[in-house]
>>> print(open('data_7.cif').read())   # mmCIF, C-alpha atoms
data_input
loop_
_atom_site.label_atom_id
_atom_site.label_comp_id
_atom_site.auth_asym_id
_atom_site.auth_seq_id
_atom_site.Cartn_x
_atom_site.Cartn_y
_atom_site.Cartn_z
CA MET A 1 -23.73 -89.32 65.38
CA THR A 2 -21.48 -89.40 68.40
CA THR A 3 -20.16 -86.40 70.29
CA THR A 4 -16.58 -87.25 69.24
CA THR A 5 -17.55 -87.24 65.56
CA VAL A 6 -19.28 -83.87 65.86
CA ARG A 7 -16.28 -82.43 67.70
CA SER A 8 -13.81 -83.73 65.10
CA ARG A 9 -15.88 -82.24 62.28
CA THR A 10 -16.01 -78.94 64.12
CA ASN A 11 -12.23 -78.96 64.53
CA LEU A 12 -11.77 -79.60 60.81
CA ARG A 13 -14.15 -76.84 59.80
CA GLY A 14 -11.70 -74.05 60.68
CA PRO A 15 -8.77 -75.31 58.56
CA PHE A 16 -11.17 -76.15 55.72
CA MET A 17 -12.59 -72.60 55.69
CA ALA A 18 -9.10 -71.08 55.92
CA PHE A 19 -7.80 -73.12 52.97
CA PRO A 20 -9.05 -70.75 50.19
CA ALA A 21 -7.54 -67.73 51.98
CA SER A 22 -4.28 -69.64 52.38
CA LEU A 23 -4.20 -70.30 48.65
CA ILE A 24 -4.71 -66.60 47.94
CA VAL A 25 -1.88 -65.67 50.31
CA LEU A 26 0.31 -68.31 48.67
CA GLY A 27 -0.39 -66.91 45.23
CA ILE A 28 -0.04 -63.22 46.09
CA ILE A 29 2.90 -63.27 48.52
CA VAL A 30 4.82 -66.53 48.62
CA ILE A 31 5.10 -67.27 44.89
CA PRO A 32 6.48 -63.78 43.95
CA ILE A 33 9.02 -64.07 46.78
CA LEU A 34 10.12 -67.44 45.41
CA PHE A 35 10.59 -65.87 41.98
CA LEU A 36 12.63 -63.05 43.53
CA PHE A 37 14.71 -65.63 45.35
CA ARG A 38 15.50 -67.40 42.08
CA TYR A 39 16.16 -64.15 40.19
CA SER A 40 18.63 -63.02 42.87
CA PHE A 41 21.04 -65.80 41.80
CA ASN A 42 20.94 -64.82 38.12
CA HIS A 43 23.63 -62.82 36.35
CA TYR A 44 23.13 -59.28 35.08
CA ASP A 45 24.29 -58.52 31.56
CA VAL A 46 24.18 -55.10 29.94
CA THR A 47 22.89 -56.55 26.65
CA ASP A 48 20.64 -59.40 27.78
CA LEU A 49 19.80 -57.75 31.15
CA MET A 50 19.27 -61.07 32.99
CA VAL A 51 21.06 -64.31 32.27
CA SER A 52 19.95 -67.50 33.98
CA ALA A 53 22.70 -68.67 36.36
CA PHE A 54 23.35 -69.64 39.95
CA THR A 55 25.81 -67.14 41.36
CA LEU A 56 26.25 -65.27 44.65
CA GLU A 57 27.71 -62.19 42.97
CA ASN A 58 24.63 -60.05 43.72
CA TYR A 59 24.77 -60.77 47.44
CA ALA A 60 28.56 -60.36 47.43
CA ARG A 61 28.13 -56.95 45.80
CA PHE A 62 25.57 -55.88 48.38
CA PHE A 63 27.60 -56.86 51.45
CA SER A 64 30.91 -55.63 50.04
CA ASP A 65 29.65 -52.24 48.86
CA ALA A 66 29.79 -49.63 51.64
CA TYR A 67 26.99 -47.65 49.97
CA TYR A 68 24.42 -50.42 50.29
CA SER A 69 25.56 -51.29 53.80
CA LYS A 70 24.87 -47.66 54.70
CA VAL A 71 21.47 -47.84 53.01
CA LEU A 72 20.56 -50.94 55.05
CA TRP A 73 21.78 -49.36 58.29
CA THR A 74 19.85 -46.14 57.53
CA THR A 75 16.70 -48.15 56.88
CA LEU A 76 17.07 -50.12 60.12
CA TRP A 77 17.66 -47.19 62.45
CA ILE A 78 14.99 -44.97 60.88
CA ALA A 79 12.44 -47.82 61.01
CA ALA A 80 13.35 -48.63 64.62
CA LEU A 81 13.15 -44.98 65.70
CA CYS A 82 9.81 -44.42 63.92
CA THR A 83 8.42 -47.57 65.54
CA PHE A 84 9.57 -46.42 68.98
CA LEU A 85 8.07 -42.95 68.48
CA ALA A 86 4.79 -44.43 67.23
CA LEU A 87 4.60 -46.65 70.31
CA LEU A 88 5.58 -43.84 72.69
CA LEU A 89 3.06 -41.38 71.25
CA GLY A 90 0.36 -43.88 70.33
CA LEU A 91 0.10 -45.82 73.59
CA PRO A 92 -1.42 -42.93 75.61
CA VAL A 93 -3.94 -42.26 72.84
CA ALA A 94 -4.89 -45.95 72.64
CA TYR A 95 -5.21 -46.10 76.44
CA PHE A 96 -7.49 -43.05 76.40
CA LEU A 97 -9.68 -44.49 73.64
CA ALA A 98 -9.92 -47.85 75.41
CA LYS A 99 -11.01 -46.33 78.73
CA THR A 100 -13.10 -43.36 77.67
CA GLN A 101 -16.86 -43.51 78.02
CA SER A 102 -17.36 -40.29 76.08
CA ARG A 103 -20.16 -40.11 73.56
CA PHE A 104 -17.59 -38.68 71.14
CA LYS A 105 -15.55 -41.88 71.14
CA SER A 106 -16.79 -42.86 67.68
CA LEU A 107 -15.82 -39.43 66.40
CA PHE A 108 -12.32 -39.84 67.86
CA VAL A 109 -11.92 -43.19 66.10
CA ILE A 110 -13.16 -41.72 62.80
CA LEU A 111 -10.64 -38.88 63.09
CA LEU A 112 -7.96 -41.47 63.76
CA VAL A 113 -8.90 -43.59 60.74
CA PHE A 114 -9.38 -40.61 58.40
CA PRO A 115 -5.65 -40.15 57.58
CA LEU A 116 -5.59 -43.75 56.31
CA MET A 117 -7.99 -42.68 53.56
CA VAL A 118 -5.41 -40.21 52.24
CA GLY A 119 -2.55 -41.57 50.15
CA ASN A 120 1.01 -41.44 51.44
CA VAL A 121 2.03 -39.22 48.52
CA VAL A 122 -0.56 -36.60 49.47
CA ARG A 123 0.48 -36.66 53.11
CA ALA A 124 4.15 -36.42 52.16
CA ALA A 125 3.34 -33.44 49.94
CA GLY A 126 1.73 -31.78 52.96
CA TRP A 127 4.89 -32.31 55.03
CA MET A 128 6.93 -30.84 52.16
CA ILE A 129 4.90 -27.66 52.50
CA VAL A 130 5.46 -27.65 56.27
CA PHE A 131 9.23 -28.34 56.15
CA GLY A 132 10.18 -26.40 53.00
CA ASN A 133 12.51 -23.40 53.11
CA ALA A 134 9.46 -21.17 52.68
CA GLY A 135 7.23 -23.56 54.64
CA LEU A 136 5.23 -23.18 57.80
CA VAL A 137 7.97 -24.09 60.30
CA ASN A 138 10.56 -21.73 58.86
CA ALA A 139 7.98 -18.96 58.46
CA VAL A 140 6.92 -19.19 62.12
CA LEU A 141 10.51 -19.32 63.39
CA LYS A 142 11.45 -16.36 61.22
CA ASP A 143 8.43 -14.30 62.34
CA PHE A 144 9.38 -14.85 65.99
CA GLY A 145 12.99 -13.88 65.30
CA VAL A 146 14.40 -17.30 66.17
CA ILE A 147 16.23 -17.67 62.85
CA ASP A 148 17.53 -15.29 60.19
CA ALA A 149 17.92 -17.83 57.39
CA PRO A 150 15.67 -20.83 56.63
CA LEU A 151 16.59 -24.13 58.27
CA GLN A 152 17.23 -27.11 56.04
CA LEU A 153 14.44 -29.39 57.28
CA LEU A 154 13.35 -30.96 54.02
CA PHE A 155 15.43 -33.79 52.51
CA THR A 156 16.84 -34.72 55.91
CA PRO A 157 16.45 -37.77 58.18
CA PHE A 158 14.35 -35.57 60.49
CA ALA A 159 11.72 -35.00 57.79
CA VAL A 160 11.64 -38.70 56.91
CA ILE A 161 11.24 -39.72 60.57
CA VAL A 162 8.41 -37.25 61.20
CA GLY A 163 6.59 -38.13 57.99
CA THR A 164 6.94 -41.90 58.42
CA THR A 165 5.88 -41.77 62.08
CA ALA A 166 2.78 -39.81 61.12
CA VAL A 167 1.93 -42.43 58.48
CA VAL A 168 2.23 -45.45 60.78
CA MET A 169 0.80 -43.91 63.96
CA PRO A 170 -2.86 -44.83 63.25
CA TYR A 171 -1.91 -48.49 62.73
CA MET A 172 -0.16 -48.58 66.09
CA ILE A 173 -3.01 -46.86 67.93
CA LEU A 174 -5.73 -49.05 66.43
CA THR A 175 -3.80 -52.23 67.21
CA LEU A 176 -3.14 -51.21 70.80
CA GLN A 177 -6.69 -49.97 71.32
CA SER A 178 -8.19 -53.32 70.27
CA VAL A 179 -6.04 -55.12 72.86
CA LEU A 180 -6.50 -52.60 75.67
CA GLU A 181 -10.28 -52.70 75.29
CA GLY A 182 -10.15 -56.39 76.19
CA ILE A 183 -8.46 -55.69 79.53
CA ASP A 184 -10.45 -55.71 82.74
CA PHE A 185 -9.40 -52.32 84.11
CA SER A 186 -10.75 -53.24 87.53
CA VAL A 187 -7.41 -55.00 88.03
CA GLU A 188 -5.63 -51.68 87.53
CA GLU A 189 -8.04 -49.97 89.91
CA ALA A 190 -7.43 -52.69 92.49
CA ALA A 191 -3.69 -52.05 92.27
CA GLN A 192 -4.25 -48.34 92.85
CA VAL A 193 -6.50 -49.09 95.82
CA LEU A 194 -3.68 -51.17 97.31
CA GLY A 195 -1.35 -48.17 97.12
CA ALA A 196 0.18 -48.19 93.65
CA ASN A 197 0.22 -44.86 91.85
CA PHE A 198 -0.96 -44.51 88.26
CA LEU A 199 2.46 -45.02 86.65
CA THR A 200 3.24 -48.07 88.78
CA SER A 201 -0.11 -49.74 88.11
CA PHE A 202 0.17 -48.95 84.42
CA ARG A 203 3.71 -50.35 84.20
CA ARG A 204 3.19 -53.42 86.40
CA VAL A 205 -0.40 -54.33 85.51
CA VAL A 206 -1.57 -52.87 82.18
CA LEU A 207 1.61 -53.20 80.12
CA PRO A 208 2.26 -56.89 80.88
CA ILE A 209 -1.33 -57.77 79.98
CA ALA A 210 -1.13 -55.66 76.82
CA ALA A 211 2.27 -57.14 75.80
CA PRO A 212 0.81 -59.27 72.95
CA GLY A 213 -0.84 -56.19 71.47
CA ILE A 214 2.32 -54.14 71.88
CA ALA A 215 4.30 -56.88 70.13
CA ALA A 216 1.75 -57.09 67.29
CA GLY A 217 1.62 -53.32 66.83
CA THR A 218 5.40 -53.05 66.94
CA MET A 219 5.83 -55.78 64.33
CA LEU A 220 3.21 -54.25 62.02
CA VAL A 221 4.60 -50.73 62.25
CA PHE A 222 8.23 -51.83 61.93
CA ILE A 223 7.40 -53.77 58.75
CA LEU A 224 5.61 -50.73 57.31
CA CYS A 225 8.56 -48.47 58.17
CA MET A 226 11.14 -50.85 56.70
CA ASN A 227 9.23 -51.01 53.41
CA ALA A 228 8.29 -47.32 53.17
CA TYR A 229 8.78 -45.85 49.71
CA ALA A 230 6.82 -42.67 48.98
CA THR A 231 7.66 -40.86 52.21
CA PRO A 232 11.47 -41.42 52.06
CA VAL A 233 11.56 -40.47 48.38
CA LEU A 234 9.58 -37.25 48.74
CA LEU A 235 10.84 -36.10 52.15
CA GLY A 236 14.35 -37.57 52.01
CA GLY A 237 15.25 -36.89 48.39
CA SER A 238 18.85 -37.68 47.58
CA GLY A 239 19.89 -36.93 51.16
CA VAL A 240 18.27 -40.05 52.65
CA THR A 241 18.20 -43.36 50.79
CA MET A 242 16.34 -46.37 52.18
CA MET A 243 16.08 -49.94 50.95
CA ALA A 244 12.73 -49.76 49.14
CA PRO A 245 13.69 -46.80 46.91
CA ALA A 246 17.13 -48.35 46.31
CA LEU A 247 15.76 -51.66 45.05
CA TYR A 248 13.09 -49.84 43.02
CA ASP A 249 15.83 -47.86 41.24
CA GLN A 250 17.74 -51.05 40.46
CA ILE A 251 14.70 -52.70 38.89
CA THR A 252 13.13 -49.75 37.04
CA LYS A 253 16.04 -47.43 36.22
CA ALA A 254 19.04 -49.75 35.97
CA SER A 255 16.94 -52.75 34.80
CA ASN A 256 19.16 -54.90 37.02
CA TRP A 257 16.59 -57.46 38.10
CA PRO A 258 19.06 -59.89 39.70
CA PHE A 259 20.59 -57.27 42.00
CA GLY A 260 17.18 -55.71 42.68
CA ALA A 261 15.86 -59.15 43.63
CA ALA A 262 18.82 -59.62 45.98
CA LEU A 263 18.06 -56.26 47.62
CA ALA A 264 14.41 -57.29 48.00
CA LEU A 265 15.38 -60.58 49.66
CA VAL A 266 17.75 -58.83 52.04
CA LEU A 267 14.97 -56.38 52.92
CA VAL A 268 12.41 -59.15 53.50
CA ILE A 269 14.76 -61.29 55.61
CA GLY A 270 16.07 -58.30 57.58
CA THR A 271 12.55 -57.05 58.27
CA LEU A 272 11.36 -60.49 59.38
CA ALA A 273 14.40 -61.04 61.62
CA MET A 274 14.13 -57.66 63.34
CA ALA A 275 10.35 -57.99 63.79
CA LEU A 276 10.71 -61.44 65.38
CA LEU A 277 13.53 -60.17 67.59
CA SER A 278 11.44 -57.25 68.85
CA ASN A 279 8.50 -59.59 69.45
CA TRP A 280 10.74 -61.91 71.50
CA VAL A 281 12.20 -59.04 73.52
CA ILE A 282 8.77 -57.60 74.35
CA HIS A 283 7.31 -60.96 75.43
CA ARG A 284 10.43 -61.81 77.45
CA ARG A 285 10.49 -58.41 79.14
CA TYR A 286 6.87 -58.48 80.25
CA ALA A 287 6.92 -62.17 81.13
CA LYS A 288 9.56 -61.29 83.73
CA THR A 289 7.38 -58.42 84.95
CA MET A 290 4.42 -60.75 85.42
CA GLU A 291 6.57 -63.26 87.32
CA SER A 292 7.91 -60.61 89.66
#
>>> encode(input="data_7.cif", output="structure tokens")
Amino acid sequence: MTTTTVRSRTNLRGPFMAFPASLIVLGIIVIPILFLFRYSFNHYDVTDLMVSAFTLENYARFFSDAYYSKVLWTTLWIAALCTFLALLLGLPVAYFLAKTQSRFKSLFVILLVFPLMVGNVVRAAGWMIVFGNAGLVNAVLKDFGVIDAPLQLLFTPFAVIVGTTAVVMPYMILTLQSVLEGIDFSVEEAAQVLGANFLTSFRRVVLPIAAPGIAAGTMLVFILCMNAYATPVLLGGSGVTMMAPALYDQITKASNWPFGAALALVLVIGTLAMALLSNWVIHRRYAKTMES
């Protein structure tokens, strides 16, 4: 057997082993999306619920209705802000975990992963206790004489942002940590020896190298924020409506599958477009930094 034959078989082994997983992904993700795509062109009827057709009325309703435009805009800016906060707060933690030689590093990682074992509903219920009118925040502020009447913290965008950021933070930190641990930090130390301070070496050396991990973490967290359901429902109530709860109401409460499917497609396409845009911006930004 020649070397070329062995090499060609080795190259084919990877795609062959990935084929079963690809079929699973196709069955679980792609096929339901295709069904949603087809349903989104059907007609809703009060009696028959869904009538097979090929109409754009569901998309026309979405883009012409100011309510759903507001829901989409609310979802986008809350998801973007939560992603930014998760990156801003999670990057220092990931950097610390990647560089630390402490014997408690495993304990730190376990503490970081532990919230992922608790359901989003349970965590949201905890934030409801914290932000309620008789909750921890209002009680502390009232005891210190800062306020006379309770602040309306629950069922506000603030509560949704805090709760969603707390949910997605571990995903961001773990993604960034895995990338930062692969960096040779002697390069950063060399930059500091040559006169760069910590912030300069971190910005000009570490961040450009970690750009792929930042892009991956940003995409993952943004997708999770865009599709959040339990946290916006429990912490936002009727005061904050995002896309996932809106399409869920259309499908389960109104039984309007065609319009719900259209909302789902808009959410999927909008999430994908914004995630790819952020990925492009991050790579472009740090590619320029590396060149300079």
>>> resolve_selection(input="data_7.cif", expression="the PyMOL selection byres ((chain A and resi 36-45) around 12)", output="CSV table (one decimal) with C-alpha atoms, in the coordinates of the input")
chain,number,residue,atom,x,y,z
A,29,ILE,CA,2.9,-63.3,48.5
A,30,VAL,CA,4.8,-66.5,48.6
A,31,ILE,CA,5.1,-67.3,44.9
A,32,PRO,CA,6.5,-63.8,44.0
A,33,ILE,CA,9.0,-64.1,46.8
A,34,LEU,CA,10.1,-67.4,45.4
A,35,PHE,CA,10.6,-65.9,42.0
A,46,VAL,CA,24.2,-55.1,29.9
A,47,THR,CA,22.9,-56.6,26.6
A,48,ASP,CA,20.6,-59.4,27.8
A,49,LEU,CA,19.8,-57.8,31.2
A,50,MET,CA,19.3,-61.1,33.0
A,51,VAL,CA,21.1,-64.3,32.3
A,52,SER,CA,20.0,-67.5,34.0
A,53,ALA,CA,22.7,-68.7,36.4
A,54,PHE,CA,23.4,-69.6,40.0
A,55,THR,CA,25.8,-67.1,41.4
A,56,LEU,CA,26.2,-65.3,44.6
A,57,GLU,CA,27.7,-62.2,43.0
A,58,ASN,CA,24.6,-60.0,43.7
A,59,TYR,CA,24.8,-60.8,47.4
A,60,ALA,CA,28.6,-60.4,47.4
A,61,ARG,CA,28.1,-57.0,45.8
A,62,PHE,CA,25.6,-55.9,48.4
A,247,LEU,CA,15.8,-51.7,45.0
A,250,GLN,CA,17.7,-51.0,40.5
A,251,ILE,CA,14.7,-52.7,38.9
A,254,ALA,CA,19.0,-49.8,36.0
A,255,SER,CA,16.9,-52.8,34.8
A,256,ASN,CA,19.2,-54.9,37.0
A,257,TRP,CA,16.6,-57.5,38.1
A,258,PRO,CA,19.1,-59.9,39.7
A,259,PHE,CA,20.6,-57.3,42.0
A,260,GLY,CA,17.2,-55.7,42.7
A,261,ALA,CA,15.9,-59.2,43.6
A,262,ALA,CA,18.8,-59.6,46.0
A,263,LEU,CA,18.1,-56.3,47.6
A,264,ALA,CA,14.4,-57.3,48.0
A,265,LEU,CA,15.4,-60.6,49.7
A,266,VAL,CA,17.8,-58.8,52.0
A,267,LEU,CA,15.0,-56.4,52.9
A,268,VAL,CA,12.4,-59.2,53.5
A,269,ILE,CA,14.8,-61.3,55.6
>>> closest_residue(input="data_7.cif", among="A:Val25, A:Gly145, A:Arg284, A:Arg123", to="Ala215 in chain A", atoms="all atoms listed in the file")
A:Arg284
>>> resolve_selection(input="data_7.cif", expression="the PyMOL selection byres ((chain A and resi 99) around 10)", output="NGL selection string")
:A and (94-98 or 100-102 or 105 or 177 or 180-181 or 183 or 185)
>>> residues_near_point(input="data_7.cif", point="(7.8, -21.9, 58.6)", cutoff="12 Å", atoms="all atoms listed in the file", output="NGL selection string")
:A and (127-154)
>>> atom_distance(input="data_7.cif", atom1="CA of Leu235 in chain A", atom2="CA of Val168 in chain A")
15.4 Å
>>> closest_residue(input="data_7.cif", among="A:Trp77, A:Ala191, A:Leu88, A:Phe155", to="Met243 in chain A", atoms="all atoms listed in the file")
A:Trp77
>>> atom_distance(input="data_7.cif", atom1="CA of Pro115 in chain A", atom2="CA of Tyr248 in chain A")
25.6 Å
>>> atom_distance(input="data_7.cif", atom1="CA of Phe222 in chain A", atom2="CA of Ala80 in chain A")
6.6 Å
>>> resolve_selection(input="data_7.cif", expression="the PyMOL selection byres ((chain A and resi 90) around 9)", output="VMD selection string")
chain A and resid 85 to 89 91 to 95 169 to 170 172 to 174 176
>>> write_last_selection(input="data_7.cif", atoms="C-alpha atoms", output="PDB file, in the coordinates of the input")
ATOM      1  CA  LEU A  85       8.070 -42.950  68.480  1.00  0.00           C
ATOM      2  CA  ALA A  86       4.790 -44.430  67.230  1.00  0.00           C
ATOM      3  CA  LEU A  87       4.600 -46.650  70.310  1.00  0.00           C
ATOM      4  CA  LEU A  88       5.580 -43.840  72.690  1.00  0.00           C
ATOM      5  CA  LEU A  89       3.060 -41.380  71.250  1.00  0.00           C
ATOM      6  CA  LEU A  91       0.100 -45.820  73.590  1.00  0.00           C
ATOM      7  CA  PRO A  92      -1.420 -42.930  75.610  1.00  0.00           C
ATOM      8  CA  VAL A  93      -3.940 -42.260  72.840  1.00  0.00           C
ATOM      9  CA  ALA A  94      -4.890 -45.950  72.640  1.00  0.00           C
ATOM     10  CA  TYR A  95      -5.210 -46.100  76.440  1.00  0.00           C
ATOM     11  CA  MET A 169       0.800 -43.910  63.960  1.00  0.00           C
ATOM     12  CA  PRO A 170      -2.860 -44.830  63.250  1.00  0.00           C
ATOM     13  CA  MET A 172      -0.160 -48.580  66.090  1.00  0.00           C
ATOM     14  CA  ILE A 173      -3.010 -46.860  67.930  1.00  0.00           C
ATOM     15  CA  LEU A 174      -5.730 -49.050  66.430  1.00  0.00           C
ATOM     16  CA  LEU A 176      -3.140 -51.210  70.800  1.00  0.00           C
TER      17      LEU A 176
END
>>> residues_around(input="data_7.cif", residues="Ala210 in chain A", least_positions_apart="2", cutoff="8 Å", atoms="all atoms listed in the file", output="number ranges by chain")
A: 176, 179-180, 183, 206-208, 212-214
>>> closest_residue(input="data_7.cif", among="A:Thr271, A:Ser278, A:Thr252, A:Ser201", to="Leu224 in chain A", atoms="all atoms listed in the file")
A:Thr271
>>> decode(input="data_7.cif", residues="range 21-39 of chain A", atoms="N, CA and C atoms", output="PDB file, in the first residue's frame")
ATOM      1  N   ALA A  21     -23.143  12.003  12.716  1.00  0.00           N
ATOM      2  CA  ALA A  21     -23.493  13.205  13.478  1.00  0.00           C
ATOM      3  C   ALA A  21     -24.186  14.225  12.592  1.00  0.00           C
ATOM      4  N   SER A  22     -23.730  14.320  11.339  1.00  0.00           N
ATOM      5  CA  SER A  22     -24.361  15.258  10.403  1.00  0.00           C
ATOM      6  C   SER A  22     -25.805  14.873  10.136  1.00  0.00           C
ATOM      7  N   LEU A  23     -26.082  13.584  10.048  1.00  0.00           N
ATOM      8  CA  LEU A  23     -27.457  13.131   9.850  1.00  0.00           C
ATOM      9  C   LEU A  23     -28.332  13.484  11.048  1.00  0.00           C
ATOM     10  N   ILE A  24     -27.772  13.346  12.245  1.00  0.00           N
ATOM     11  CA  ILE A  24     -28.527  13.689  13.457  1.00  0.00           C
ATOM     12  C   ILE A  24     -28.856  15.173  13.479  1.00  0.00           C
ATOM     13  N   VAL A  25     -27.836  16.005  13.158  1.00  0.00           N
ATOM     14  CA  VAL A  25     -28.066  17.450  13.108  1.00  0.00           C
ATOM     15  C   VAL A  25     -29.117  17.786  12.061  1.00  0.00           C
ATOM     16  N   LEU A  26     -29.049  17.117  10.906  1.00  0.00           N
ATOM     17  CA  LEU A  26     -30.021  17.342   9.844  1.00  0.00           C
ATOM     18  C   LEU A  26     -31.432  17.020  10.314  1.00  0.00           C
ATOM     19  N   GLY A  27     -31.554  15.910  11.042  1.00  0.00           N
ATOM     20  CA  GLY A  27     -32.876  15.499  11.486  1.00  0.00           C
ATOM     21  C   GLY A  27     -33.439  16.363  12.599  1.00  0.00           C
ATOM     22  N   ILE A  28     -32.568  16.799  13.517  1.00  0.00           N
ATOM     23  CA  ILE A  28     -33.033  17.534  14.695  1.00  0.00           C
ATOM     24  C   ILE A  28     -33.225  19.018  14.410  1.00  0.00           C
ATOM     25  N   ILE A  29     -32.382  19.606  13.586  1.00  0.00           N
ATOM     26  CA  ILE A  29     -32.389  21.060  13.402  1.00  0.00           C
ATOM     27  C   ILE A  29     -32.917  21.476  12.036  1.00  0.00           C
ATOM     28  N   VAL A  30     -32.314  20.940  10.990  1.00  0.00           N
ATOM     29  CA  VAL A  30     -32.608  21.440   9.643  1.00  0.00           C
ATOM     30  C   VAL A  30     -34.033  21.098   9.206  1.00  0.00           C
ATOM     31  N   ILE A  31     -34.443  19.852   9.404  1.00  0.00           N
ATOM     32  CA  ILE A  31     -35.768  19.434   8.944  1.00  0.00           C
ATOM     33  C   ILE A  31     -36.897  20.221   9.630  1.00  0.00           C
ATOM     34  N   PRO A  32     -36.871  20.413  10.977  1.00  0.00           N
ATOM     35  CA  PRO A  32     -37.922  21.256  11.588  1.00  0.00           C
ATOM     36  C   PRO A  32     -37.925  22.692  11.055  1.00  0.00           C
ATOM     37  N   ILE A  33     -36.743  23.243  10.782  1.00  0.00           N
ATOM     38  CA  ILE A  33     -36.691  24.598  10.229  1.00  0.00           C
ATOM     39  C   ILE A  33     -37.334  24.642   8.845  1.00  0.00           C
ATOM     40  N   LEU A  34     -37.113  23.594   8.052  1.00  0.00           N
ATOM     41  CA  LEU A  34     -37.741  23.532   6.734  1.00  0.00           C
ATOM     42  C   LEU A  34     -39.263  23.452   6.850  1.00  0.00           C
ATOM     43  N   PHE A  35     -39.752  22.709   7.836  1.00  0.00           N
ATOM     44  CA  PHE A  35     -41.193  22.653   8.062  1.00  0.00           C
ATOM     45  C   PHE A  35     -41.731  24.020   8.470  1.00  0.00           C
ATOM     46  N   LEU A  36     -41.006  24.708   9.368  1.00  0.00           N
ATOM     47  CA  LEU A  36     -41.420  26.051   9.773  1.00  0.00           C
ATOM     48  C   LEU A  36     -41.451  26.993   8.573  1.00  0.00           C
ATOM     49  N   PHE A  37     -40.441  26.862   7.724  1.00  0.00           N
ATOM     50  CA  PHE A  37     -40.381  27.697   6.526  1.00  0.00           C
ATOM     51  C   PHE A  37     -41.620  27.493   5.657  1.00  0.00           C
ATOM     52  N   ARG A  38     -42.018  26.236   5.481  1.00  0.00           N
ATOM     53  CA  ARG A  38     -43.209  25.962   4.667  1.00  0.00           C
ATOM     54  C   ARG A  38     -44.473  26.440   5.364  1.00  0.00           C
ATOM     55  N   TYR A  39     -44.578  26.222   6.680  1.00  0.00           N
ATOM     56  CA  TYR A  39     -45.767  26.643   7.414  1.00  0.00           C
ATOM     57  C   TYR A  39     -45.940  28.165   7.376  1.00  0.00           C
TER      58      TYR A  39
END
